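Engineer: Contents of entry-v1.txt (compact mmCIF, C-alpha atoms and all ligand atoms) are given next:
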```
# COMPACT_ATOMS: atom_id res chain seq x y z
CA ALA A 1 -15.61 19.65 9.09
CA ASP A 2 -18.49 21.19 7.20
CA TRP A 3 -20.26 17.99 6.11
CA SER A 4 -23.72 19.50 5.55
CA ALA A 5 -22.35 22.34 3.37
CA ALA A 6 -20.44 19.78 1.30
CA VAL A 7 -23.47 17.51 0.89
CA SER A 8 -25.86 20.31 -0.10
CA THR A 9 -23.32 21.86 -2.49
CA ILE A 10 -22.74 18.53 -4.22
CA HIS A 11 -26.50 17.87 -4.45
CA GLU A 12 -26.98 21.33 -5.92
CA LEU A 13 -24.14 21.47 -8.45
CA ALA A 14 -23.11 17.92 -9.39
CA PRO A 15 -26.24 16.54 -11.12
CA THR A 16 -26.27 19.16 -13.90
CA GLY A 17 -22.88 20.88 -13.64
CA ARG A 18 -19.33 20.08 -14.65
CA VAL A 19 -17.47 18.43 -11.80
CA LEU A 20 -13.66 18.56 -11.77
CA LEU A 21 -11.74 16.41 -9.28
CA ILE A 22 -8.09 17.31 -8.61
CA CYS A 23 -5.39 15.60 -6.52
CA HIS A 24 -1.80 16.58 -5.75
CA VAL A 25 1.17 16.67 -8.11
CA ASN A 26 3.16 13.42 -8.33
CA PRO A 27 0.05 11.55 -7.15
CA ASP A 28 0.39 8.67 -4.68
CA GLY A 29 -2.05 5.90 -3.78
CA ASP A 30 -4.08 8.10 -1.44
CA ALA A 31 -4.33 10.98 -3.92
CA LEU A 32 -5.46 8.80 -6.84
CA GLY A 33 -7.39 6.25 -4.78
CA SER A 34 -9.48 8.75 -2.80
CA MET A 35 -10.13 10.84 -5.92
CA LEU A 36 -11.10 7.95 -8.22
CA GLY A 37 -13.13 6.20 -5.52
CA PHE A 38 -15.11 9.38 -4.95
CA ALA A 39 -15.46 9.96 -8.72
CA LEU A 40 -16.95 6.48 -9.12
CA GLY A 41 -19.33 7.30 -6.26
CA LEU A 42 -20.50 10.41 -8.13
CA CYS A 43 -21.04 8.23 -11.24
CA ARG A 44 -23.31 6.00 -9.13
CA LEU A 45 -25.27 9.15 -8.19
CA GLY A 46 -25.88 9.77 -11.89
CA VAL A 47 -23.34 12.57 -12.33
CA THR A 48 -22.36 12.56 -16.01
CA GLN A 49 -20.02 15.53 -16.49
CA LEU A 50 -17.03 14.31 -14.56
CA GLN A 51 -13.28 14.75 -14.98
CA ALA A 52 -10.42 13.74 -12.68
CA THR A 53 -6.96 15.23 -13.09
CA PHE A 54 -3.65 16.14 -11.43
CA PRO A 55 -1.04 18.84 -12.18
CA GLY A 56 2.10 18.31 -14.19
CA GLU A 57 3.06 15.70 -16.73
CA PHE A 58 0.21 13.29 -17.46
CA GLU A 59 1.88 10.10 -16.35
CA ILE A 60 -0.03 7.60 -14.23
CA PRO A 61 2.41 5.49 -12.19
CA GLU A 62 2.28 1.92 -13.54
CA PRO A 63 0.92 0.37 -10.29
CA PHE A 64 -2.17 2.62 -10.51
CA THR A 65 -3.00 2.18 -14.21
CA ALA A 66 -5.41 -0.66 -13.40
CA LEU A 67 -7.34 1.23 -10.69
CA PRO A 68 -11.10 1.30 -11.26
CA GLY A 69 -12.16 4.68 -12.65
CA VAL A 70 -8.74 5.37 -14.19
CA ASP A 71 -10.49 6.17 -17.50
CA LEU A 72 -11.99 9.27 -15.83
CA LEU A 73 -8.48 10.80 -15.71
CA VAL A 74 -7.60 13.55 -18.18
CA PRO A 75 -4.37 15.58 -18.60
CA GLU A 76 -4.48 19.01 -16.91
CA SER A 77 -4.45 20.66 -20.36
CA GLN A 78 -7.81 19.00 -21.12
CA ALA A 79 -9.41 19.77 -17.74
CA TRP A 80 -12.36 22.17 -18.01
CA GLU A 81 -11.30 25.81 -17.69
CA ASP A 82 -14.48 26.77 -15.87
CA PRO A 83 -15.95 23.84 -13.94
CA ASP A 84 -19.04 24.35 -11.77
CA LEU A 85 -17.75 22.30 -8.87
CA VAL A 86 -14.14 21.48 -7.92
CA LEU A 87 -13.30 18.69 -5.48
CA VAL A 88 -9.71 18.57 -4.16
CA PHE A 89 -8.11 15.42 -2.71
CA ASP A 90 -5.07 14.94 -0.41
CA VAL A 91 -3.71 18.43 -1.06
CA ALA A 92 -2.14 20.15 1.98
CA ALA A 93 -1.19 23.40 0.24
CA GLU A 94 -2.09 25.29 -2.93
CA SER A 95 1.48 24.86 -4.20
CA ARG A 96 0.68 21.14 -4.67
CA LEU A 97 -1.99 22.05 -7.27
CA GLY A 98 0.44 23.55 -9.80
CA ALA A 99 -1.28 25.35 -12.68
CA LEU A 100 -4.66 23.81 -11.75
CA ILE A 101 -4.93 26.32 -8.89
CA ASP A 102 -6.61 28.70 -11.36
CA ARG A 103 -9.69 26.41 -11.54
CA LEU A 104 -10.64 27.11 -7.92
CA PRO A 105 -11.65 30.78 -8.21
CA ARG A 106 -13.49 30.02 -11.48
CA ALA A 107 -15.71 27.32 -9.98
CA ARG A 108 -18.99 28.09 -8.24
CA ALA A 109 -17.84 26.01 -5.27
CA THR A 110 -14.77 24.10 -4.05
CA VAL A 111 -14.74 21.24 -1.56
CA VAL A 112 -11.36 20.19 -0.09
CA LEU A 113 -11.03 16.63 1.27
CA ASP A 114 -7.76 16.19 3.17
CA HIS A 115 -6.06 14.86 6.31
CA HIS A 116 -2.83 16.90 6.65
CA ALA A 117 -2.40 18.75 9.95
CA SER A 118 -0.34 21.21 7.89
CA ASN A 119 -3.32 21.97 5.57
CA THR A 120 -3.25 25.71 4.87
CA GLY A 121 -7.04 26.12 4.82
CA PHE A 122 -7.30 27.06 1.13
CA GLY A 123 -10.50 26.49 -0.85
CA GLY A 124 -14.14 27.03 0.09
CA ILE A 125 -15.69 24.11 1.96
CA GLN A 126 -13.13 22.25 4.05
CA LEU A 127 -13.36 18.62 5.04
CA VAL A 128 -9.92 18.37 6.66
CA ASP A 129 -9.53 15.74 9.37
CA PRO A 130 -5.96 15.45 10.73
CA THR A 131 -7.03 12.38 12.73
CA ALA A 132 -7.89 10.51 9.52
CA ALA A 133 -5.20 8.06 8.41
CA ALA A 134 -5.84 8.85 4.73
CA THR A 135 -7.91 11.20 2.62
CA SER A 136 -9.95 8.15 1.63
CA VAL A 137 -11.32 8.04 5.20
CA VAL A 138 -12.84 11.48 4.56
CA ALA A 139 -14.00 10.38 1.09
CA GLU A 140 -15.75 7.30 2.49
CA GLU A 141 -17.56 9.42 5.10
CA LEU A 142 -18.75 11.91 2.47
CA LEU A 143 -19.97 9.09 0.19
CA LYS A 144 -21.92 7.69 3.14
CA ARG A 145 -23.51 11.09 3.79
CA LEU A 146 -24.44 11.23 0.09
CA ASP A 147 -26.11 7.81 0.46
CA VAL A 148 -23.74 6.19 -2.05
CA PRO A 149 -23.27 2.53 -1.11
CA LEU A 150 -19.81 0.97 -1.42
CA ASP A 151 -19.26 -1.39 -4.32
CA VAL A 152 -16.16 -3.41 -5.11
CA GLN A 153 -14.74 -0.81 -7.52
CA ILE A 154 -15.16 2.15 -5.18
CA ALA A 155 -13.82 -0.04 -2.37
CA GLU A 156 -10.68 -1.01 -4.31
CA CYS A 157 -9.78 2.65 -4.84
CA LEU A 158 -10.40 3.58 -1.19
CA TYR A 159 -8.49 0.48 -0.03
CA VAL A 160 -5.41 1.34 -2.13
CA ALA A 161 -5.51 4.83 -0.59
CA LEU A 162 -5.87 3.53 2.97
CA ALA A 163 -3.18 0.87 2.55
CA THR A 164 -0.77 3.39 1.00
CA ASP A 165 -0.99 5.99 3.76
CA THR A 166 -0.89 3.49 6.65
CA GLY A 167 2.14 1.68 5.21
CA SER A 168 -0.06 -1.37 4.67
CA PHE A 169 -1.61 -1.04 8.14
CA ARG A 170 1.74 -0.86 9.95
CA PHE A 171 2.03 2.79 11.06
CA ASP A 172 0.81 4.26 14.36
CA MET A 173 -2.31 5.76 12.77
CA THR A 174 -3.57 2.22 12.13
CA THR A 175 -6.43 2.61 14.61
CA PRO A 176 -9.52 0.47 15.18
CA ARG A 177 -11.30 2.98 12.93
CA VAL A 178 -8.84 2.15 10.11
CA HIS A 179 -9.36 -1.59 10.46
CA GLU A 180 -13.14 -1.12 10.65
CA MET A 181 -13.03 0.78 7.38
CA ALA A 182 -10.75 -1.86 5.83
CA ALA A 183 -13.26 -4.50 6.93
CA ARG A 184 -16.12 -2.64 5.20
CA LEU A 185 -14.02 -2.35 2.03
CA ILE A 186 -12.88 -5.99 1.99
CA ALA A 187 -16.48 -7.11 2.61
CA THR A 188 -17.39 -5.83 -0.87
CA GLY A 189 -15.35 -8.72 -2.27
CA LEU A 190 -12.04 -7.11 -3.15
CA ARG A 191 -8.82 -9.15 -3.08
CA PRO A 192 -6.28 -7.60 -0.65
CA GLY A 193 -3.44 -9.94 -1.62
CA GLU A 194 -3.79 -9.30 -5.31
CA ILE A 195 -4.09 -5.53 -4.80
CA SER A 196 -1.04 -5.39 -2.50
CA ARG A 197 1.08 -7.36 -4.96
CA ARG A 198 0.13 -5.01 -7.77
CA ILE A 199 0.53 -1.76 -5.82
CA PHE A 200 3.45 -2.44 -3.45
CA ASP A 201 5.25 -5.64 -4.43
CA SER A 202 5.82 -5.26 -8.14
CA ARG A 203 8.56 -3.33 -9.89
CA PRO A 204 10.70 -3.71 -13.00
CA PHE A 205 14.08 -5.47 -12.81
CA GLY A 206 15.72 -2.18 -13.82
CA ALA A 207 14.17 -0.45 -10.82
CA MET A 208 15.75 -3.02 -8.51
CA LYS A 209 19.17 -2.35 -10.09
CA LEU A 210 18.55 1.40 -9.77
CA PHE A 211 17.70 0.95 -6.08
CA ALA A 212 20.93 -1.05 -5.65
CA ASP A 213 22.99 1.90 -6.99
CA VAL A 214 21.16 4.49 -4.93
CA LEU A 215 21.12 2.46 -1.70
CA GLY A 216 24.81 1.69 -2.25
CA ARG A 217 25.69 5.37 -1.80
CA ALA A 218 23.57 5.93 1.33
CA GLN A 219 25.33 7.65 4.23
CA LEU A 220 24.86 7.30 7.96
CA ASP A 221 25.05 10.40 10.15
CA PRO A 222 24.69 9.18 13.76
CA THR A 223 25.15 12.61 15.38
CA ALA A 224 22.34 14.33 13.44
CA ALA A 225 18.94 15.07 15.03
CA GLY A 226 20.37 15.58 18.51
CA GLY A 227 22.10 12.19 18.39
CA HIS A 228 19.05 10.28 17.17
CA GLY A 229 20.79 9.99 13.82
CA MET A 230 19.97 10.30 10.16
CA VAL A 231 20.49 8.19 7.05
CA TRP A 232 20.33 9.76 3.61
CA THR A 233 20.87 9.10 -0.05
CA TYR A 234 20.09 10.74 -3.37
CA ALA A 235 19.03 9.71 -6.87
CA THR A 236 19.78 11.69 -10.03
CA LEU A 237 18.10 11.90 -13.41
CA ASP A 238 21.22 10.17 -14.73
CA ASP A 239 20.49 7.19 -12.41
CA LEU A 240 16.99 6.98 -13.88
CA GLU A 241 18.28 7.21 -17.42
CA ARG A 242 21.02 4.61 -16.90
CA HIS A 243 18.43 2.08 -15.78
CA ALA A 244 15.68 3.32 -18.16
CA GLN A 245 13.28 4.02 -15.28
CA ARG A 246 10.55 6.60 -14.77
CA PRO A 247 10.75 9.02 -11.79
CA TYR A 248 7.77 7.55 -9.92
CA VAL A 249 9.66 4.28 -9.26
CA LEU A 250 11.67 6.32 -6.74
CA ASP A 251 8.54 6.90 -4.61
CA ALA A 252 9.21 3.49 -3.00
CA LEU A 253 12.89 4.18 -2.34
CA ILE A 254 12.26 5.72 1.10
CA ASP A 255 10.94 2.37 2.35
CA PRO A 256 14.23 0.43 2.56
CA VAL A 257 16.03 3.59 3.72
CA ARG A 258 13.68 4.22 6.65
CA CYS A 259 14.28 0.65 7.88
CA VAL A 260 17.85 1.48 8.99
CA ALA A 261 17.87 0.55 12.67
CA GLU A 262 20.68 2.80 13.90
CA VAL A 263 18.91 6.10 13.23
CA ASP A 264 15.59 7.88 13.63
CA VAL A 265 15.43 10.08 10.55
CA SER A 266 15.68 9.07 6.90
CA VAL A 267 16.06 11.36 3.92
CA VAL A 268 15.85 10.63 0.19
CA VAL A 269 16.75 13.43 -2.24
CA LYS A 270 15.42 12.87 -5.77
CA GLN A 271 16.46 15.03 -8.70
CA LEU A 272 13.61 16.77 -10.57
CA SER A 273 15.80 18.93 -12.84
CA GLU A 274 19.19 20.68 -12.74
CA GLY A 275 19.64 21.80 -9.12
CA VAL A 276 16.05 20.98 -8.10
CA TRP A 277 15.24 18.05 -5.81
CA ALA A 278 12.15 16.42 -4.31
CA VAL A 279 12.98 15.54 -0.71
CA SER A 280 11.27 12.79 1.30
CA LEU A 281 11.62 12.84 5.11
CA ARG A 282 10.64 10.11 7.57
CA SER A 283 10.96 9.94 11.36
CA LYS A 284 10.45 7.11 13.82
CA GLY A 285 9.30 9.60 16.46
CA ALA A 286 12.23 11.69 17.70
CA VAL A 287 11.65 14.54 15.24
CA ASP A 288 8.57 16.27 13.82
CA VAL A 289 9.67 16.15 10.18
CA SER A 290 6.60 18.10 9.01
CA ALA A 291 7.93 21.08 11.01
CA VAL A 292 11.28 20.64 9.26
CA ALA A 293 9.56 20.40 5.86
CA ILE A 294 7.39 23.47 6.52
CA LYS A 295 10.48 25.50 7.45
CA LEU A 296 12.03 24.43 4.14
CA GLY A 297 8.94 25.30 2.08
CA GLY A 298 7.04 21.98 2.10
CA GLY A 299 4.69 20.11 4.41
CA GLY A 300 3.31 16.73 5.39
CA HIS A 301 2.76 14.76 8.59
CA ARG A 302 4.79 14.52 11.83
CA LEU A 303 6.49 11.29 10.77
CA ALA A 304 6.34 11.64 6.94
CA ALA A 305 6.91 14.89 5.10
CA GLY A 306 8.60 16.45 2.12
CA PHE A 307 9.72 19.63 0.36
CA THR A 308 11.49 20.90 -2.77
CA GLY A 309 15.24 21.54 -2.26
CA TYR A 310 17.78 23.43 -4.36
CA GLY A 311 21.51 23.16 -5.10
CA ARG A 312 23.51 19.96 -4.65
CA PRO A 313 22.20 16.95 -2.69
CA GLY A 314 24.76 17.61 0.06
CA ASP A 315 23.51 21.21 0.42
CA VAL A 316 19.91 20.02 0.66
CA VAL A 317 20.84 17.49 3.35
CA THR A 318 22.79 20.14 5.26
CA SER A 319 19.68 22.33 5.37
CA VAL A 320 17.72 19.36 6.73
CA ARG A 321 20.41 18.57 9.33
CA ASP A 322 20.32 22.18 10.59
CA GLU A 323 16.52 22.14 10.96
CA LEU A 324 16.36 18.68 12.60
CA GLU A 325 17.97 19.99 15.80
CA LYS A 326 15.17 22.54 16.18
CA HIS A 327 12.20 20.18 15.94
CA LEU A 328 12.99 17.34 18.30
CA ILE A 329 9.79 15.99 19.87
CA ARG A 330 9.80 16.41 23.69
P1 LIG B 1 6.58 11.63 0.11
O1 LIG B 1 7.90 11.62 0.80
O2 LIG B 1 5.93 10.28 0.16
O3 LIG B 1 6.64 12.21 -1.25
O4 LIG B 1 5.65 12.62 0.94
C1 LIG B 1 5.40 12.41 2.31
C2 LIG B 1 4.40 13.43 2.81
O5 LIG B 1 4.92 14.74 2.68
C3 LIG B 1 3.08 13.42 2.06
O6 LIG B 1 2.05 13.53 3.03
C4 LIG B 1 3.10 14.64 1.19
O7 LIG B 1 1.83 15.20 1.12
C5 LIG B 1 4.07 15.57 1.90
N1 LIG B 1 4.91 16.27 0.93
C6 LIG B 1 5.88 15.74 0.15
N2 LIG B 1 6.46 16.67 -0.62
C7 LIG B 1 5.85 17.84 -0.32
C8 LIG B 1 6.01 19.20 -0.81
O8 LIG B 1 6.85 19.52 -1.67
N3 LIG B 1 5.17 20.13 -0.28
C9 LIG B 1 4.24 19.81 0.68
N4 LIG B 1 3.43 20.81 1.14
N5 LIG B 1 4.07 18.57 1.14
C10 LIG B 1 4.86 17.59 0.66
MN MN B 2 -0.52 12.00 -0.78
MN MN B 3 -2.74 11.19 2.18
```
As a first step, turn the structure in this file into structure tokens.
Structural biologist:
Amino acid sequence: ADWSAAVSTIHELAPTGRVLLICHVNPDGDALGSMLGFALGLCRLGVTQLQATFPGEFEIPEPFTALPGVDLLVPESQAWEDPDLVLVFDVAAESRLGALIDRLPRARATVVLDHHASNTGFGGIQLVDPTAAATSVVAEELLKRLDVPLDVQIAECLYVALATDTGSFRFDMTTPRVHEMAARLIATGLRPGEISRRIFDSRPFGAMKLFADVLGRAQLDPTAAGGHGMVWTYATLDDLERHAQRPYVLDALIDPVRCVAEVDVSVVVKQLSEGVWAVSLRSKGAVDVSAVAIKLGGGGHRLAAGFTGYGRPGDVVTSVRDELEKHLIR
């Protein structure tokens, strides 16, 4: 990681230039949390021309609307056409930047903060650490190198990011380093219980009924993935409409599905438009699902990955089933 290049570039361009922060499409807790936490850090440095944005429809998932720094967010249509400095958060591949990709060549410098092993190496200065549990780990390190002290607002953003990507400190990447960072963040005075309730344990009644429908049609495929097994389900735009729910509520749907004890791999296929589906893949360790996702045009991590699929849900799942056999770990 090129820390010194990142620090000197930020010192050179940020105080007087226009700084545009971008995270990935369909932003999750790590994308928004690492980006807004870093944005607040730049505010503390006295940076005044600051915008944060993400590609696609300008809809902030309800759980994140109360994040500190959320007022720095602007729709992509309002993001500066020619920023001086672009900072990119939690983006493994250029395809995840949508139309905002055109800001990168127009800026005087780009710094990429990320933690995906599948990162394609786009952008100018790369701070990509595949051993980091979340992009917010990289963001915290860069803030430290910029001599920005943590405060409770920055900490809340970085904590939401860290808690999101570690599954609330349950996944294997929950290392001593992760808990040490969490300790630093909590020491600023933030309230972990309150934040967790708001981010993870709160959803509309209609979303629960929607989950009931979608979980009710889940299918078990014990012979998939070389006998390690797969469980899958799908959600359509009609499901969302019937229960008057927004698409982002489905981001949490993979969690009950991946708990199924009989199998290793879980798959949730979510309709984006006619014949177009966002696919979430999870593994308990038998399969490298990022390899599967990369083969199907996406990316991610060994045990959590995704891609865009086409056709009917059954066709998408068949393409996954075919690839699973090829990427068994060991
Ligand atoms: P999720 O299933 O929570 O949407 O995504 C899990 C992981 O896969 C995340 O790390 C995310 O960055 C990655 N991912 C999900 N969808 C895509 C995709 O369409 N393209 C790429 N490159 N990565 C994806
Ligand atoms: Mn993410
Ligand atoms: Mn992440």
Engineer: Once you count all atoms listed in the file, what closest atom pair and distance in Å to one decimal does each residue of chain A within 10 Å of ligand MN 3 (chain B) have, with rows by chain and rising residue number, as CSV?
Structural biologist:
```
residue,atom,partner,partner_atom,distance
A:His24,CA,B:MN3,MN,9.6
A:Pro27,CA,B:MN3,MN,9.7
A:Asp28,CA,B:MN3,MN,8.0
A:Gly29,CA,B:MN3,MN,8.0
A:Asp30,CA,B:MN3,MN,4.9
A:Ala31,CA,B:MN3,MN,6.3
A:Leu32,CA,B:MN3,MN,9.7
A:Gly33,CA,B:MN3,MN,9.7
A:Ser34,CA,B:MN3,MN,8.7
A:Phe89,CA,B:MN3,MN,8.4
A:Asp90,CA,B:MN3,MN,5.1
A:Val91,CA,B:MN3,MN,8.0
A:Ala92,CA,B:MN3,MN,9.0
A:Leu113,CA,B:MN3,MN,10.0
A:Asp114,CA,B:MN3,MN,7.2
A:His115,CA,B:MN3,MN,6.4
A:His116,CA,B:MN3,MN,7.3
A:Ala132,CA,B:MN3,MN,9.0
A:Ala133,CA,B:MN3,MN,7.4
A:Ala134,CA,B:MN3,MN,4.6
A:Thr135,CA,B:MN3,MN,5.2
A:Ser136,CA,B:MN3,MN,7.8
A:Val137,CA,B:MN3,MN,9.6
A:Ala161,CA,B:MN3,MN,7.5
A:Leu162,CA,B:MN3,MN,8.3
A:Thr164,CA,B:MN3,MN,8.1
A:Asp165,CA,B:MN3,MN,5.7
A:Thr166,CA,B:MN3,MN,9.1
A:Gly300,CA,B:MN3,MN,8.8
A:His301,CA,B:MN3,MN,9.2
```
Engineer: Quick one, how far is atom CA of Lys284 of chain A from atom C6 of ligand LIG 1 (chain B)?
Structural biologist: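 Atom CA of Lys284 of chain A sits 16.8 Å away from atom C6 of ligand LIG 1 (chain B).
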Engineer: From the options A:Val138, A:Leu215, A:Ile154, A:Ala5, which residue's atoms come nearest to Pro256 of chain A, counting all atoms listed in the file?
Structural biologist: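 The shortest atom-to-atom distance to Pro256 of chain A comes from A:Leu215.
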Engineer: Which centre and which edge lengths, in Å to one decimal, describe the axis-aligned box that holds all listed atoms of segment 3-21 of chain A after 8 Å is added on each side, as lines of an AutoDock Vina configuration file?
Structural biologist:
```
center_x = -19.4
center_y = 19.4
center_z = -4.3
size_x = 31.2
size_y = 21.9
size_z = 36.8
```
Engineer: Produce as a PyMOL selection string the set of residues near ligand LIG 1 (chain B), where near means within 6 Å with all atoms listed in the file considered.
Structural biologist: chain A and resi 92-93+280-281+298-301+304-308
Engineer: For each of A:Thr120, A:Leu85, A:Gly206, A:Pro15, take the minimum atom-to-atom distance to Pro105 of chain A, counting only C-alpha atoms, then give the residue where this is smallest.
Structural biologist: A:Leu85
Engineer: Need the shell around segment 143-149 of chain A: protein/DNA/RNA residues with any atom at most 12 Å away, counting all atoms listed in the file. Skip same-chain ones fewer than 6 positions apart. Format as a ChimeraX atom specification?
Structural biologist: /A:2-11,14,34-35,37-46,113,136-137,155,158,184-185,188
Engineer: Restricting the calculation to all atoms listed in the file, which member of A:Glu241, A:Asp221, A:Asp251, A:Glu57 is positioned closest to ligand MN 2 (chain B)?
Structural biologist: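 Closest residue, counting all atoms listed in the file: A:Asp251.
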Engineer: Which residue, A:Leu250, A:Leu272, A:Cys23, A:Val47, has the smallest gap to ligand MN 2 (chain B) when you use all atoms listed in the file?
Structural biologist: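 The shortest atom-to-atom distance to ligand MN 2 (chain B) comes from A:Cys23.
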Engineer: If we count only C-alpha atoms and set the cut-off at 7 Å, which residues sit around segment 49-52 of chain A, ignoring sequence neighbours fewer than 3 positions away in its own chain? Please answer as number ranges by chain.
Structural biologist: A: 17-22, 72-74, 79
Engineer: Could you work out how far atom CA of Met173 of chain A lies from atom CA of Gln219 of chain A, giving the answer in Å with one decimal?
Structural biologist: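 One can read the atom CA of Gln219 of chain A to atom CA of Met173 of chain A distance as 29.0 Å.
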Engineer: Which is closer to ligand MN 2 (chain B) than all the others in A:Glu156, A:Ala244, A:Ala163, A:Val111, using only C-alpha atoms and all ligand atoms?
Structural biologist: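 Of the candidates, the smallest distance to ligand MN 2 (chain B) is held by A:Ala163.
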Engineer: Quick one: pull the distance between atom CA of Glu76 of chain A and atom CA of Val269 of chain A, Å, one decimal.
Structural biologist: 26.4 Å
Engineer: Pick out the closest residue to ligand MN 2 (chain B) from this set: A:Asn26, A:Gly309, A:Arg330, A:Pro130. Count all atoms listed in the file.
Structural biologist: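 Nearest to ligand MN 2 (chain B): A:Asn26.
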Engineer: What's the 12 Å shell around Lys209 of chain A, counting only C-alpha atoms, without same-chain residues fewer than 3 positions away, as a list in words?
Structural biologist: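 In the requested format, the answer is Arg203, Pro204, Phe205, Gly206, Ala212, Asp213, Val214, Leu215, Gly216, Asp239, Leu240, Arg242, His243, Ala244, Gln245, Val249, Leu250 and Leu253 of chain A.
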Engineer: Distance cut-off 10 Å, centre (19.2, 18.7, 18.2) in file coordinates, counting only C-alpha atoms: which residues qualify? Return them as a ChimeraX atom specification.
Structural biologist: /A:223-229,286-287,321-329
Engineer: What lies within 9 Å of Ser196 of chain A using all atoms listed in the file, ignoring chain neighbours under 6 positions off, as a PDB file with C-alpha atoms, in the frame of the given file?
Structural biologist:
```pdb
ATOM      1  CA  VAL A 160      -5.410   1.340  -2.130  1.00  0.00           C
ATOM      2  CA  ALA A 163      -3.180   0.870   2.550  1.00  0.00           C
ATOM      3  CA  SER A 168      -0.060  -1.370   4.670  1.00  0.00           C
ATOM      4  CA  SER A 202       5.820  -5.260  -8.140  1.00  0.00           C
TER       5      SER A 202
END
```
Engineer: List the neighbours of Ile254 of chain A out to 9 Å using all atoms listed in the file; skip same-chain residues closer than 5 positions along the sequence, and give me the result as a list of chain:residue names.
Structural biologist: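 My reading of the contact set: A:Cys259, A:Ser266, A:Val267, A:Val268, A:Ser280, A:Leu281, A:Arg282.
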Engineer: With all atoms listed in the file counted, which protein, DNA or RNA residues have an atom no more than 7 Å from (-17.6, 27.4, -12.3) in the file frame? Please answer as a PDB file with C-alpha atoms, keeping the file's coordinate frame.
Structural biologist:
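Final file, selection_34.pdb:
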```pdb
ATOM      1  CA  ASP A  82     -14.480  26.770 -15.870  1.00  0.00           C
ATOM      2  CA  PRO A  83     -15.950  23.840 -13.940  1.00  0.00           C
ATOM      3  CA  ASP A  84     -19.040  24.350 -11.770  1.00  0.00           C
ATOM      4  CA  LEU A  85     -17.750  22.300  -8.870  1.00  0.00           C
ATOM      5  CA  ARG A 106     -13.490  30.020 -11.480  1.00  0.00           C
ATOM      6  CA  ALA A 107     -15.710  27.320  -9.980  1.00  0.00           C
ATOM      7  CA  ARG A 108     -18.990  28.090  -8.240  1.00  0.00           C
TER       8      ARG A 108
END
```
